[in-house]
>>> print(open('model-v7.cif').read())   # mmCIF, C-alpha atoms and all ligand atoms
data_query
#
loop_
_atom_site.label_atom_id
_atom_site.label_comp_id
_atom_site.auth_asym_id
_atom_site.auth_seq_id
_atom_site.Cartn_x
_atom_site.Cartn_y
_atom_site.Cartn_z
CA MET X 1 72.83 12.89 -93.91
CA ALA X 2 74.11 12.28 -97.42
CA PHE X 3 71.60 10.81 -99.88
CA GLY X 4 68.89 10.49 -97.25
CA ARG X 5 70.20 7.15 -96.06
CA ILE X 6 69.48 6.80 -92.39
CA PRO X 7 70.79 3.94 -90.23
CA ARG X 8 68.43 2.32 -87.74
CA PHE X 9 71.11 2.45 -85.10
CA SER X 10 74.30 4.24 -84.11
CA PRO X 11 76.39 3.25 -81.07
CA SER X 12 77.13 5.55 -78.12
CA PHE X 13 80.61 3.99 -78.07
CA SER X 14 83.33 6.15 -79.66
CA PRO X 15 86.93 5.57 -80.84
CA ARG X 16 88.15 7.51 -77.80
CA GLU X 17 86.46 4.94 -75.52
CA ALA X 18 88.00 2.14 -77.59
CA LEU X 19 91.42 3.58 -76.66
CA VAL X 20 90.43 3.75 -72.98
CA ALA X 21 89.38 0.09 -73.13
CA ALA X 22 92.58 -0.94 -74.91
CA ALA X 23 94.79 0.83 -72.33
CA ALA X 24 92.94 -0.85 -69.43
CA LEU X 25 93.17 -4.27 -71.11
CA LEU X 26 96.92 -3.88 -71.61
CA ARG X 27 97.37 -3.13 -67.87
CA ASP X 28 95.67 -6.42 -66.93
CA ASP X 29 95.80 -5.79 -63.18
CA ALA X 30 93.31 -7.50 -60.84
CA ALA X 31 93.56 -4.83 -58.10
CA ALA X 32 92.97 -2.07 -60.67
CA ASP X 33 89.97 -4.04 -61.98
CA ALA X 34 88.40 -4.24 -58.52
CA GLU X 35 89.03 -0.54 -57.80
CA ALA X 36 87.61 0.69 -61.14
CA VAL X 37 84.55 -1.57 -60.94
CA ALA X 38 83.83 -0.37 -57.37
CA ARG X 39 84.09 3.26 -58.57
CA PHE X 40 81.70 2.59 -61.45
CA GLU X 41 79.25 0.80 -59.13
CA ARG X 42 79.26 3.75 -56.70
CA ARG X 43 78.72 6.31 -59.47
CA PHE X 44 75.91 4.21 -60.91
CA ALA X 45 74.18 3.79 -57.54
CA GLU X 46 74.38 7.58 -57.05
CA LEU X 47 72.94 8.23 -60.49
CA ILE X 48 69.97 5.93 -59.93
CA GLY X 49 69.51 6.98 -56.29
CA VAL X 50 69.83 3.59 -54.59
CA PRO X 51 72.27 2.29 -51.96
CA HIS X 52 73.61 -0.79 -53.80
CA ALA X 53 74.82 -1.39 -57.38
CA ILE X 54 76.64 -4.56 -58.41
CA MET X 55 78.14 -5.25 -61.83
CA VAL X 56 77.03 -8.58 -63.28
CA PRO X 57 77.93 -10.35 -66.54
CA SER X 58 74.45 -9.96 -68.06
CA ALA X 59 71.03 -8.63 -67.14
CA ARG X 60 69.47 -12.08 -67.41
CA TYR X 61 71.96 -13.52 -64.90
CA GLY X 62 71.45 -10.46 -62.69
CA PHE X 63 67.71 -11.15 -62.78
CA TYR X 64 68.33 -14.80 -61.91
CA LEU X 65 70.53 -13.77 -58.95
CA LEU X 66 67.90 -11.30 -57.71
CA LEU X 67 65.14 -13.93 -57.92
CA SER X 68 67.34 -16.37 -56.09
CA ALA X 69 68.33 -13.77 -53.43
CA ILE X 70 64.68 -12.97 -52.63
CA GLY X 71 63.97 -16.69 -52.23
CA VAL X 72 61.99 -17.51 -55.40
CA GLY X 73 61.81 -21.28 -55.76
CA PRO X 74 59.69 -24.27 -56.81
CA GLY X 75 55.94 -23.57 -56.92
CA ASP X 76 56.37 -19.77 -56.95
CA GLU X 77 55.16 -17.45 -59.71
CA VAL X 78 56.74 -14.37 -61.27
CA VAL X 79 54.62 -11.96 -63.33
CA VAL X 80 56.38 -10.93 -66.57
CA PRO X 81 54.99 -8.76 -69.39
CA GLY X 82 53.68 -10.61 -72.44
CA LEU X 83 55.93 -8.49 -74.68
CA THR X 84 59.56 -8.81 -73.65
CA TYR X 85 62.94 -10.37 -74.38
CA PHE X 86 62.91 -14.18 -74.20
CA ALA X 87 65.92 -14.45 -71.88
CA ILE X 88 64.00 -12.91 -68.97
CA PRO X 89 61.04 -15.31 -68.65
CA ALA X 90 63.52 -18.07 -69.57
CA MET X 91 65.33 -17.56 -66.22
CA VAL X 92 62.25 -18.20 -64.08
CA PRO X 93 61.88 -21.98 -64.66
CA LEU X 94 65.58 -22.45 -63.82
CA LEU X 95 64.58 -21.79 -60.20
CA GLY X 96 61.58 -24.12 -60.43
CA ALA X 97 59.13 -21.19 -60.59
CA ALA X 98 56.60 -20.26 -63.30
CA PRO X 99 56.57 -17.13 -65.50
CA ILE X 100 53.02 -15.75 -65.59
CA PHE X 101 52.53 -13.51 -68.62
CA ALA X 102 50.46 -10.34 -68.22
CA ASP X 103 49.39 -8.18 -71.15
CA VAL X 104 50.84 -4.80 -72.16
CA GLY X 105 49.23 -1.61 -73.45
CA LEU X 106 48.71 -1.84 -77.23
CA ARG X 107 50.45 1.46 -77.96
CA SER X 108 52.49 1.96 -74.76
CA HIS X 109 53.99 -1.57 -75.17
CA VAL X 110 54.59 -1.75 -71.39
CA LEU X 111 52.97 -3.79 -68.60
CA ASP X 112 49.28 -2.98 -68.04
CA PRO X 113 48.69 -2.61 -64.26
CA ASP X 114 45.19 -4.17 -64.55
CA ALA X 115 46.65 -7.20 -66.33
CA PHE X 116 49.25 -7.48 -63.56
CA ALA X 117 46.52 -7.36 -60.88
CA ALA X 118 44.57 -10.07 -62.75
CA ALA X 119 47.68 -12.30 -62.96
CA LEU X 120 48.27 -12.34 -59.18
CA SER X 121 47.80 -15.52 -57.16
CA PRO X 122 48.79 -16.55 -53.64
CA ARG X 123 51.95 -17.99 -55.21
CA THR X 124 53.13 -14.71 -56.81
CA LYS X 125 56.55 -13.69 -55.44
CA ALA X 126 57.66 -10.96 -57.86
CA VAL X 127 56.60 -8.75 -60.76
CA VAL X 128 58.91 -7.45 -63.50
CA PRO X 129 57.74 -4.07 -64.79
CA THR X 130 59.77 -3.80 -67.99
CA HIS X 131 60.42 -0.25 -69.17
CA LEU X 132 60.46 -1.40 -72.79
CA PHE X 133 61.74 0.81 -75.61
CA GLY X 134 62.78 3.40 -72.98
CA THR X 135 59.20 3.94 -71.73
CA PRO X 136 58.70 3.73 -67.95
CA CYS X 137 55.73 1.64 -66.83
CA GLU X 138 52.89 3.08 -64.75
CA MET X 139 54.83 2.53 -61.54
CA ASP X 140 52.45 4.22 -59.06
CA ARG X 141 49.79 1.59 -59.66
CA ILE X 142 52.17 -1.32 -60.14
CA VAL X 143 53.98 -0.62 -56.85
CA GLN X 144 50.72 -0.12 -54.98
CA ILE X 145 49.23 -3.39 -56.28
CA ALA X 146 52.49 -5.22 -55.51
CA LYS X 147 52.70 -3.78 -51.97
CA GLU X 148 49.14 -4.81 -51.17
CA ALA X 149 49.88 -8.33 -52.42
CA GLY X 150 53.29 -8.58 -50.70
CA VAL X 151 55.04 -9.03 -54.04
CA ALA X 152 58.62 -7.82 -54.81
CA VAL X 153 59.04 -5.32 -57.67
CA ILE X 154 62.06 -6.04 -59.90
CA GLU X 155 62.33 -3.31 -62.54
CA ASP X 156 63.70 -4.32 -65.97
CA CYS X 157 65.68 -1.23 -66.99
CA ALA X 158 67.60 -2.98 -69.80
CA GLN X 159 66.21 -0.48 -72.31
CA SER X 160 65.78 2.52 -70.07
CA THR X 161 68.95 3.31 -68.12
CA GLY X 162 68.57 6.91 -66.91
CA ALA X 163 64.84 7.31 -67.73
CA ARG X 164 62.64 8.83 -65.03
CA TYR X 165 59.21 8.22 -63.60
CA ARG X 166 57.72 11.24 -61.82
CA GLY X 167 61.23 12.70 -61.57
CA GLN X 168 62.82 9.57 -60.08
CA ARG X 169 65.23 7.42 -62.09
CA VAL X 170 63.76 4.06 -63.03
CA GLY X 171 65.33 1.31 -60.97
CA SER X 172 64.81 3.34 -57.79
CA VAL X 173 61.01 3.12 -57.78
CA GLY X 174 60.64 -0.61 -57.08
CA ASP X 175 62.66 -2.84 -54.75
CA HIS X 176 65.34 -4.13 -57.12
CA ALA X 177 66.37 -3.60 -60.77
CA TYR X 178 68.67 -4.69 -63.56
CA TYR X 179 70.24 -2.84 -66.52
CA THR X 180 72.39 -3.96 -69.44
CA PHE X 181 75.27 -2.26 -71.27
CA GLY X 182 75.93 -4.15 -74.52
CA LEU X 183 77.21 -2.24 -77.54
CA THR X 184 73.73 -1.48 -78.88
CA LYS X 185 72.36 -0.01 -75.65
CA ASN X 186 71.99 3.69 -74.78
CA ILE X 187 75.16 3.46 -72.68
CA THR X 188 77.72 0.70 -72.94
CA THR X 189 80.48 -1.03 -70.99
CA LEU X 190 81.38 -3.23 -74.03
CA SER X 191 79.64 -6.11 -72.34
CA GLY X 192 78.18 -6.49 -68.89
CA ALA X 193 75.23 -5.34 -66.87
CA MET X 194 74.22 -4.03 -63.44
CA VAL X 195 71.91 -4.98 -60.59
CA THR X 196 70.66 -2.41 -58.08
CA THR X 197 68.75 -2.97 -54.87
CA LYS X 198 67.58 -1.12 -51.80
CA ASP X 199 68.03 -4.25 -49.67
CA GLU X 200 71.46 -4.80 -48.11
CA ALA X 201 70.89 -8.52 -47.56
CA VAL X 202 69.95 -8.99 -51.23
CA ALA X 203 73.07 -7.05 -52.30
CA ALA X 204 75.23 -9.29 -50.09
CA LYS X 205 73.72 -12.46 -51.59
CA VAL X 206 74.26 -11.24 -55.17
CA ARG X 207 77.89 -10.36 -54.36
CA ALA X 208 78.44 -13.73 -52.69
CA ALA X 209 77.10 -15.56 -55.76
CA LEU X 210 79.60 -13.72 -57.98
CA ALA X 211 82.58 -14.16 -55.64
CA GLY X 212 83.95 -17.34 -57.22
CA ALA X 213 83.88 -16.11 -60.83
CA GLY X 214 87.08 -15.42 -62.74
CA PRO X 215 87.51 -12.24 -64.78
CA THR X 216 85.79 -11.67 -68.14
CA PRO X 217 88.29 -12.92 -70.77
CA ARG X 218 90.42 -10.11 -72.21
CA ARG X 219 89.97 -11.51 -75.72
CA LYS X 220 86.22 -11.17 -75.44
CA LEU X 221 86.51 -7.54 -74.33
CA ALA X 222 89.11 -6.73 -77.01
CA LYS X 223 86.73 -8.20 -79.61
CA GLU X 224 83.82 -6.12 -78.27
CA ALA X 225 85.93 -2.94 -78.36
CA ALA X 226 86.93 -3.64 -81.98
CA THR X 227 83.31 -4.42 -82.91
CA GLY X 228 82.16 -1.20 -81.23
CA ALA X 229 84.72 0.87 -83.13
CA ALA X 230 83.70 -0.85 -86.40
CA MET X 231 80.00 -0.14 -85.67
CA TRP X 232 80.86 3.49 -85.02
CA ALA X 233 82.65 3.76 -88.35
CA ALA X 234 80.07 1.81 -90.38
CA THR X 235 77.15 3.89 -89.09
CA HIS X 236 78.98 7.22 -89.37
CA PRO X 237 77.12 9.56 -91.77
CA ALA X 238 80.19 9.78 -94.02
CA LEU X 239 80.42 6.00 -94.42
CA TYR X 240 77.00 4.43 -93.85
CA TRP X 241 75.83 4.85 -97.46
CA ALA X 242 78.85 2.88 -98.66
CA THR X 243 78.99 0.24 -95.92
CA VAL X 244 75.80 -0.99 -94.26
CA HIS X 245 73.24 0.60 -96.57
CA PRO X 246 74.11 -1.55 -99.64
CA ALA X 247 73.89 -4.70 -97.48
CA VAL X 248 70.47 -3.61 -96.24
CA VAL X 249 69.23 -3.03 -99.80
CA VAL X 250 70.57 -6.36 -101.11
CA GLY X 251 69.39 -8.19 -97.99
CA ASN X 252 65.92 -6.76 -98.41
CA ARG X 253 65.78 -7.98 -102.03
CA LEU X 254 66.61 -11.47 -100.72
CA GLY X 255 63.97 -11.17 -97.99
CA LYS X 256 66.57 -11.07 -95.21
CA ASP X 257 67.58 -8.65 -92.50
CA PRO X 258 71.40 -8.52 -92.88
CA ILE X 259 71.85 -6.85 -89.50
CA HIS X 260 69.51 -8.77 -87.25
CA GLU X 261 69.89 -12.25 -88.75
CA PRO X 262 73.65 -12.73 -88.30
CA PHE X 263 73.87 -10.87 -84.98
CA GLY X 264 70.52 -11.66 -83.31
CA GLU X 265 70.48 -14.25 -80.55
CA PRO X 266 68.49 -17.46 -81.13
CA GLU X 267 65.64 -18.00 -78.69
CA VAL X 268 66.40 -21.15 -76.73
CA ARG X 269 64.95 -22.91 -73.77
CA TYR X 270 67.66 -22.70 -71.13
CA THR X 271 68.26 -25.77 -69.04
CA LYS X 272 70.91 -24.16 -66.84
CA VAL X 273 72.62 -20.87 -66.16
CA SER X 274 75.48 -20.29 -68.63
CA SER X 275 78.81 -21.42 -67.23
CA SER X 276 80.44 -18.31 -68.76
CA TYR X 277 78.57 -16.21 -66.17
CA THR X 278 79.54 -18.35 -63.23
CA THR X 279 83.16 -19.07 -64.13
CA GLN X 280 84.34 -15.92 -65.93
CA GLY X 281 81.81 -13.25 -65.18
CA ARG X 282 83.77 -10.75 -63.07
CA ALA X 283 83.88 -7.27 -64.58
CA ARG X 284 87.20 -5.67 -65.51
CA ALA X 285 88.56 -2.13 -65.43
CA ALA X 286 88.13 -1.86 -69.23
CA GLN X 287 84.35 -2.17 -68.78
CA ALA X 288 84.20 0.13 -65.77
CA GLU X 289 86.41 2.83 -67.33
CA VAL X 290 84.26 2.91 -70.45
CA GLY X 291 81.14 2.91 -68.26
CA LEU X 292 82.38 5.87 -66.20
CA ARG X 293 82.90 7.91 -69.38
CA GLN X 294 79.48 6.91 -70.63
CA LEU X 295 77.92 8.03 -67.32
CA ASP X 296 79.47 11.48 -67.90
CA ARG X 297 77.44 11.62 -71.12
CA ILE X 298 74.30 9.70 -70.23
CA ASP X 299 71.96 12.68 -69.87
CA ALA X 300 73.29 14.26 -73.07
CA LEU X 301 72.90 10.98 -74.99
CA ASN X 302 69.40 10.38 -73.62
CA GLY X 303 68.52 14.06 -74.12
CA ALA X 304 69.31 13.79 -77.85
CA ARG X 305 67.02 10.75 -78.08
CA VAL X 306 64.27 12.65 -76.26
CA ARG X 307 64.54 15.61 -78.65
CA ASN X 308 64.35 13.31 -81.65
CA GLY X 309 61.54 11.22 -80.19
CA ARG X 310 59.38 14.22 -79.31
CA ARG X 311 59.84 15.61 -82.79
CA LEU X 312 58.65 12.29 -84.27
CA ASP X 313 55.76 12.08 -81.77
CA GLU X 314 54.49 15.46 -82.95
CA ALA X 315 55.17 15.13 -86.65
CA LEU X 316 53.73 11.63 -87.05
CA ALA X 317 50.73 11.93 -84.71
CA HIS X 318 48.14 12.13 -87.50
CA VAL X 319 49.57 9.99 -90.28
CA PRO X 320 46.71 7.83 -91.65
CA GLY X 321 47.01 4.16 -90.61
CA LEU X 322 49.96 4.80 -88.28
CA SER X 323 49.73 4.72 -84.45
CA THR X 324 52.43 6.59 -82.58
CA PRO X 325 53.35 5.41 -79.04
CA THR X 326 51.52 6.45 -75.89
CA TYR X 327 53.24 6.94 -72.52
CA PRO X 328 51.85 6.22 -69.05
CA GLU X 329 51.14 9.31 -66.97
CA GLY X 330 54.27 10.33 -65.07
CA ALA X 331 56.60 8.46 -67.46
CA GLU X 332 59.58 10.40 -68.80
CA PRO X 333 60.73 8.14 -71.65
CA ILE X 334 64.25 8.19 -73.10
CA TYR X 335 63.18 6.88 -76.54
CA MET X 336 65.57 3.96 -76.63
CA SER X 337 63.40 3.04 -79.63
CA PHE X 338 60.66 4.94 -81.43
CA VAL X 339 58.05 2.28 -82.11
CA VAL X 340 54.98 2.85 -84.27
CA ASN X 341 52.22 0.35 -84.98
CA HIS X 342 50.85 -0.17 -88.51
CA PRO X 343 48.54 -2.94 -89.76
CA ARG X 344 50.65 -3.26 -92.94
CA ARG X 345 53.94 -3.09 -91.11
CA ASP X 346 56.06 -5.11 -93.56
CA ALA X 347 54.86 -3.10 -96.56
CA LEU X 348 55.57 0.12 -94.65
CA ALA X 349 59.11 -1.09 -93.81
CA GLY X 350 59.74 -1.85 -97.51
CA ALA X 351 58.42 1.55 -98.61
CA LEU X 352 60.64 3.25 -96.05
CA ARG X 353 63.71 1.31 -97.11
CA ALA X 354 63.06 2.44 -100.70
CA ARG X 355 63.19 5.99 -99.31
CA GLY X 356 66.54 5.38 -97.59
CA VAL X 357 65.23 4.83 -94.05
CA ASP X 358 66.27 1.55 -92.41
CA THR X 359 63.84 0.17 -89.82
CA THR X 360 63.65 -3.01 -87.77
CA ILE X 361 61.03 -5.10 -85.99
CA GLY X 362 63.55 -5.55 -83.16
CA TYR X 363 64.08 -8.64 -81.05
CA MET X 364 61.16 -8.68 -78.63
CA ASN X 365 58.48 -11.33 -78.76
CA ALA X 366 54.90 -11.92 -77.66
CA PHE X 367 54.87 -14.66 -75.04
CA GLY X 368 51.23 -15.36 -74.23
CA ASP X 369 51.30 -18.28 -76.66
CA HIS X 370 54.91 -19.01 -77.52
CA PRO X 371 56.57 -22.39 -78.22
CA LEU X 372 59.30 -21.65 -75.67
CA PHE X 373 56.77 -21.71 -72.83
CA PRO X 374 54.09 -24.22 -73.87
CA GLU X 375 53.02 -24.85 -70.28
CA HIS X 376 52.61 -21.12 -69.51
CA LYS X 377 50.03 -20.00 -72.07
CA ARG X 378 48.00 -16.97 -71.12
CA ALA X 379 46.02 -14.62 -73.38
CA CYS X 380 47.98 -11.42 -74.09
CA PRO X 381 46.09 -10.04 -77.12
CA ASN X 382 47.73 -6.61 -77.10
CA ALA X 383 51.23 -8.13 -76.99
CA ALA X 384 50.37 -10.43 -79.94
CA ARG X 385 48.87 -7.60 -81.99
CA ALA X 386 51.67 -5.15 -81.16
CA MET X 387 54.26 -7.72 -82.20
CA ALA X 388 52.55 -8.16 -85.58
CA GLU X 389 52.29 -4.41 -86.17
CA LEU X 390 55.26 -2.73 -84.56
CA LEU X 391 58.13 -1.07 -86.38
CA HIS X 392 61.18 0.72 -84.92
CA LEU X 393 62.06 3.99 -86.63
CA PRO X 394 65.58 5.44 -86.17
CA VAL X 395 65.73 7.74 -83.11
CA HIS X 396 69.40 7.50 -82.10
CA PRO X 397 71.40 10.53 -80.88
CA ASN X 398 73.38 10.90 -84.12
CA LEU X 399 70.38 11.88 -86.26
CA SER X 400 70.60 15.40 -87.66
CA GLY X 401 67.70 17.82 -88.12
CA ALA X 402 67.86 17.09 -91.86
CA ASP X 403 67.65 13.34 -91.17
CA LEU X 404 64.52 13.88 -89.09
CA ASP X 405 62.95 16.07 -91.78
CA HIS X 406 63.72 13.43 -94.38
CA MET X 407 62.31 10.68 -92.16
CA VAL X 408 59.08 12.49 -91.41
CA GLU X 409 58.48 13.07 -95.13
CA ALA X 410 59.43 9.46 -95.89
CA VAL X 411 57.00 8.08 -93.28
CA ARG X 412 54.16 10.29 -94.49
CA SER X 413 54.59 9.34 -98.14
CA ALA X 414 55.29 5.64 -97.37
CA ALA X 415 52.11 5.44 -95.26
CA LEU X 416 50.10 6.99 -98.10
CA GLU X 417 51.60 4.50 -100.55
CA VAL X 418 50.81 1.40 -98.48
CA GLY X 419 47.37 2.69 -97.42
C1 LIG I 501 64.05 -5.73 -72.11
C2 LIG I 501 65.29 -6.55 -71.93
N1 LIG I 501 65.46 -7.26 -70.80
C3 LIG I 501 66.55 -8.01 -70.61
C4 LIG I 501 67.56 -8.09 -71.54
C5 LIG I 501 68.72 -9.01 -71.31
O1 LIG I 501 69.94 -8.39 -71.24
P1 LIG I 501 71.27 -9.29 -71.24
O2 LIG I 501 71.55 -9.61 -72.68
O3 LIG I 501 72.32 -8.43 -70.61
O4 LIG I 501 70.98 -10.52 -70.45
C6 LIG I 501 67.45 -7.36 -72.73
C7 LIG I 501 68.53 -7.43 -73.73
O5 LIG I 501 68.67 -6.63 -74.58
C8 LIG I 501 66.28 -6.57 -72.94
O6 LIG I 501 66.12 -5.87 -74.07
#
>>> encode(input="model-v7.cif", output="structure tokens")
Amino acid sequence: MAFGRIPRFSPSFSPREALVAAAALLRDDAAADAEAVARFERRFAELIGVPHAIMVPSARYGFYLLLSAIGVGPGDEVVVPGLTYFAIPAMVPLLGAAPIFADVGLRSHVLDPDAFAAALSPRTKAVVPTHLFGTPCEMDRIVQIAKEAGVAVIEDCAQSTGARYRGQRVGSVGDHAYYTFGLTKNITTLSGAMVTTKDEAVAAKVRAALAGAGPTPRRKLAKEAATGAAMWAATHPALYWATVHPAVVVGNRLGKDPIHEPFGEPEVRYTKVSSSYTTQGRARAAQAEVGLRQLDRIDALNGARVRNGRRLDEALAHVPGLSTPTYPEGAEPIYMSFVVNHPRRDALAGALRARGVDTTIGYMNAFGDHPLFPEHKRACPNAARAMAELLHLPVHPNLSGADLDHMVEAVRSAALEVG
């Protein structure tokens, strides 16, 4: 990497896939859409090792449809980790049910099985083990506790498509699961997401709910393909130093994050399911064709993350003040993110940026005591502390060995500087 300037992120989407998407969009053929989407769904179900996979417009709507299909309704409770993405707990009240927040491990960042057990009540209908940052939860215990309590297990695989737990792909360990394939994910379909389930009746209900939707607008997909190609170019090693890096440096001087602030999604309290999902949520061939090509590469893309993540795990294990992540026994993480904790996180991020390494605090939040859910407060001290201390280091597949060497040195010296 020229000049030691390392982007926080690099898309898996490539110009070749942009051409595939453009060709499919030009065809604009409903029968071809249905055939390609069915092929992608079958390949995805095979990959995960489950009987049913259904493309949905977003993971949050997929989650909503799963909750609805298993009969969650007024008075019911759904256990959600205290560190997650706002849109997931935000779906639960739309069905009249309550999100019950359960704490995470301080350094694993994923649902603590003991906290899940403590959050159970006779009203609990489902639990959402969220394999955050690419780290599978401790599924043996979570599934056992859920089985004993008669609670459905809906795995959140939005950040862990293809990761394994004790050799099994996540999404096939619990009862149902959802995944998402936006441009910044480990694999992409431009936009869109997937639901998987082992239950035929649940699959039929999810399909029935989607039946009336029109196709995803071509303009939206064309825009996503252009954005993906632009992201690819802007984060390419030959261009990053001249494109995004100056914006990051100037933004930092102004106290702003020029990547997250314009593109991040505002946290809102939903009052209804978005009409864009229900009226124009059907997937098109452009998404499926890109997805099929990404599935050809998924283990190579994830494998590059794993190599990079393991290298960082080893090299940064004993840096004073810094805590590297821990992983539940049996988890085979895909390092969607490499997240360290540091008590002087913001100072560390500044010192790293001065050394040409761009980091982010990401878009998760701690929800034990959050204004979006004032009536669902519940102590989640690890989630709150992790949120104040966590920092994502670059771990994407396009990092070179020299980038990793530079980063390790930068983290060591930055940690010394901030103390
Ligand atoms: C952990 C997690 N769950 C759920 C979602 C929601 O995905 P979508 O935007 O497809 O609704 C995300 C989004 O990135 C996520 O990171």
>>> closest_residue(input="model-v7.cif", among="X:Gly309, X:Gly212, X:Pro7, X:Gly362", to="ligand LIG 501 (chain I)", atoms="only C-alpha atoms and all ligand atoms")
X:Gly362
>>> closest_atom_pairs(input="model-v7.cif", of="chain X", to="ligand LIG 501 (chain I)", cutoff="6 Å", atoms="all atoms listed in the file", output="Markdown table")
| residue | atom | partner | partner_atom | distance |
| --- | --- | --- | --- | --- |
| X:Ser58 | CA | I:LIG501 | O3 | 3.7 |
| X:Ala59 | CA | I:LIG501 | O3 | 3.7 |
| X:Arg60 | CA | I:LIG501 | O4 | 3.7 |
| X:Thr84 | CA | I:LIG501 | C1 | 5.7 |
| X:Tyr85 | CA | I:LIG501 | C2 | 5.1 |
| X:Ile88 | CA | I:LIG501 | C3 | 5.8 |
| X:Leu132 | CA | I:LIG501 | C1 | 5.7 |
| X:Asp156 | CA | I:LIG501 | N1 | 5.9 |
| X:Ala158 | CA | I:LIG501 | C2 | 4.8 |
| X:Gln159 | CA | I:LIG501 | O6 | 5.7 |
| X:Thr180 | CA | I:LIG501 | O3 | 4.6 |
| X:Ala193 | CA | I:LIG501 | O3 | 5.7 |
>>> write_last_selection(input="model-v7.cif", atoms="C-alpha atoms", output="PDB file, in the coordinates of the input")
ATOM      1  CA  SER X  58      74.450  -9.960 -68.060  1.00  0.00           C
ATOM      2  CA  ALA X  59      71.030  -8.630 -67.140  1.00  0.00           C
ATOM      3  CA  ARG X  60      69.470 -12.080 -67.410  1.00  0.00           C
ATOM      4  CA  THR X  84      59.560  -8.810 -73.650  1.00  0.00           C
ATOM      5  CA  TYR X  85      62.940 -10.370 -74.380  1.00  0.00           C
ATOM      6  CA  ILE X  88      64.000 -12.910 -68.970  1.00  0.00           C
ATOM      7  CA  LEU X 132      60.460  -1.400 -72.790  1.00  0.00           C
ATOM      8  CA  ASP X 156      63.700  -4.320 -65.970  1.00  0.00           C
ATOM      9  CA  ALA X 158      67.600  -2.980 -69.800  1.00  0.00           C
ATOM     10  CA  GLN X 159      66.210  -0.480 -72.310  1.00  0.00           C
ATOM     11  CA  THR X 180      72.390  -3.960 -69.440  1.00  0.00           C
ATOM     12  CA  ALA X 193      75.230  -5.340 -66.870  1.00  0.00           C
TER      13      ALA X 193
END
>>> atom_distance(input="model-v7.cif", atom1="CA of His176 in chain X", atom2="CA of Gly49 in chain X")
11.9 Å
>>> closest_residue(input="model-v7.cif", among="X:Val395, X:Leu221, X:Ala209, X:Ala402", to="Ala304 in chain X", atoms="only C-alpha atoms")
X:Val395
>>> closest_residue(input="model-v7.cif", among="X:Val72, X:Leu66, X:Ala354, X:Val339", to="Leu312 in chain X", atoms="all atoms listed in the file")
X:Val339
>>> closest_atom_pairs(input="model-v7.cif", of="range 161-264 of chain X", to="range 341-349 of chain X", cutoff="12 Å", atoms="all atoms listed in the file", output="JSON lines")
{"residue": "X:Val248", "atom": "CA", "partner": "X:Ala349", "partner_atom": "CA", "distance": 11.9}
{"residue": "X:Val249", "atom": "CA", "partner": "X:Ala349", "partner_atom": "CA", "distance": 11.9}
{"residue": "X:Asn252", "atom": "CA", "partner": "X:Ala349", "partner_atom": "CA", "distance": 10.0}
{"residue": "X:Gly255", "atom": "CA", "partner": "X:Asp346", "partner_atom": "CA", "distance": 10.9}
{"residue": "X:Asp257", "atom": "CA", "partner": "X:Ala349", "partner_atom": "CA", "distance": 11.4}
>>> atom_distance(input="model-v7.cif", atom1="CA of Pro129 in chain X", atom2="CA of Glu314 in chain X")
26.9 Å
>>> closest_residue(input="model-v7.cif", among="X:Met139, X:Leu95, X:Val202, X:Val78", to="Arg166 in chain X", atoms="all atoms listed in the file")
X:Met139
>>> closest_residue(input="model-v7.cif", among="X:Gly401, X:Gly75, X:Gly82, X:Gly281", to="Ala211 in chain X", atoms="only C-alpha atoms")
X:Gly281
>>> residues_around(input="model-v7.cif", residues="Leu47 in chain X", least_positions_apart="6", cutoff="10 Å", atoms="all atoms listed in the file", output="list in words")
Glu41, Thr161, Gly162, Arg169, Ser172, Leu295 and Ile298 of chain X
>>> atom_distance(input="model-v7.cif", atom1="CA of Asp313 in chain X", atom2="CA of Pro325 in chain X")
7.6 Å
>>> axis_aligned_box(input="model-v7.cif", around="range 255-262 of chain X", padding_each_side="5 Å", output="lines of an AutoDock Vina configuration file")
center_x = 68.8
center_y = -9.8
center_z = -92.6
size_x = 19.7
size_y = 15.9
size_z = 20.7
>>> closest_residue(input="model-v7.cif", among="X:Tyr179, X:Leu292, X:Arg378, X:Ser160", to="Arg305 in chain X", atoms="only C-alpha atoms")
X:Ser160
>>> residues_around(input="model-v7.cif", residues="Asp199 in chain X", least_positions_apart="4", cutoff="10 Å", atoms="all atoms listed in the file", output="count of residues only")
8
>>> residues_around(input="model-v7.cif", residues="range 111-122 of chain X", least_positions_apart="4", cutoff="10 Å", atoms="all atoms listed in the file", output="number ranges by chain")
X: 76-84, 100-106, 126-132, 136-146, 149-151, 328, 378, 380, 382-383
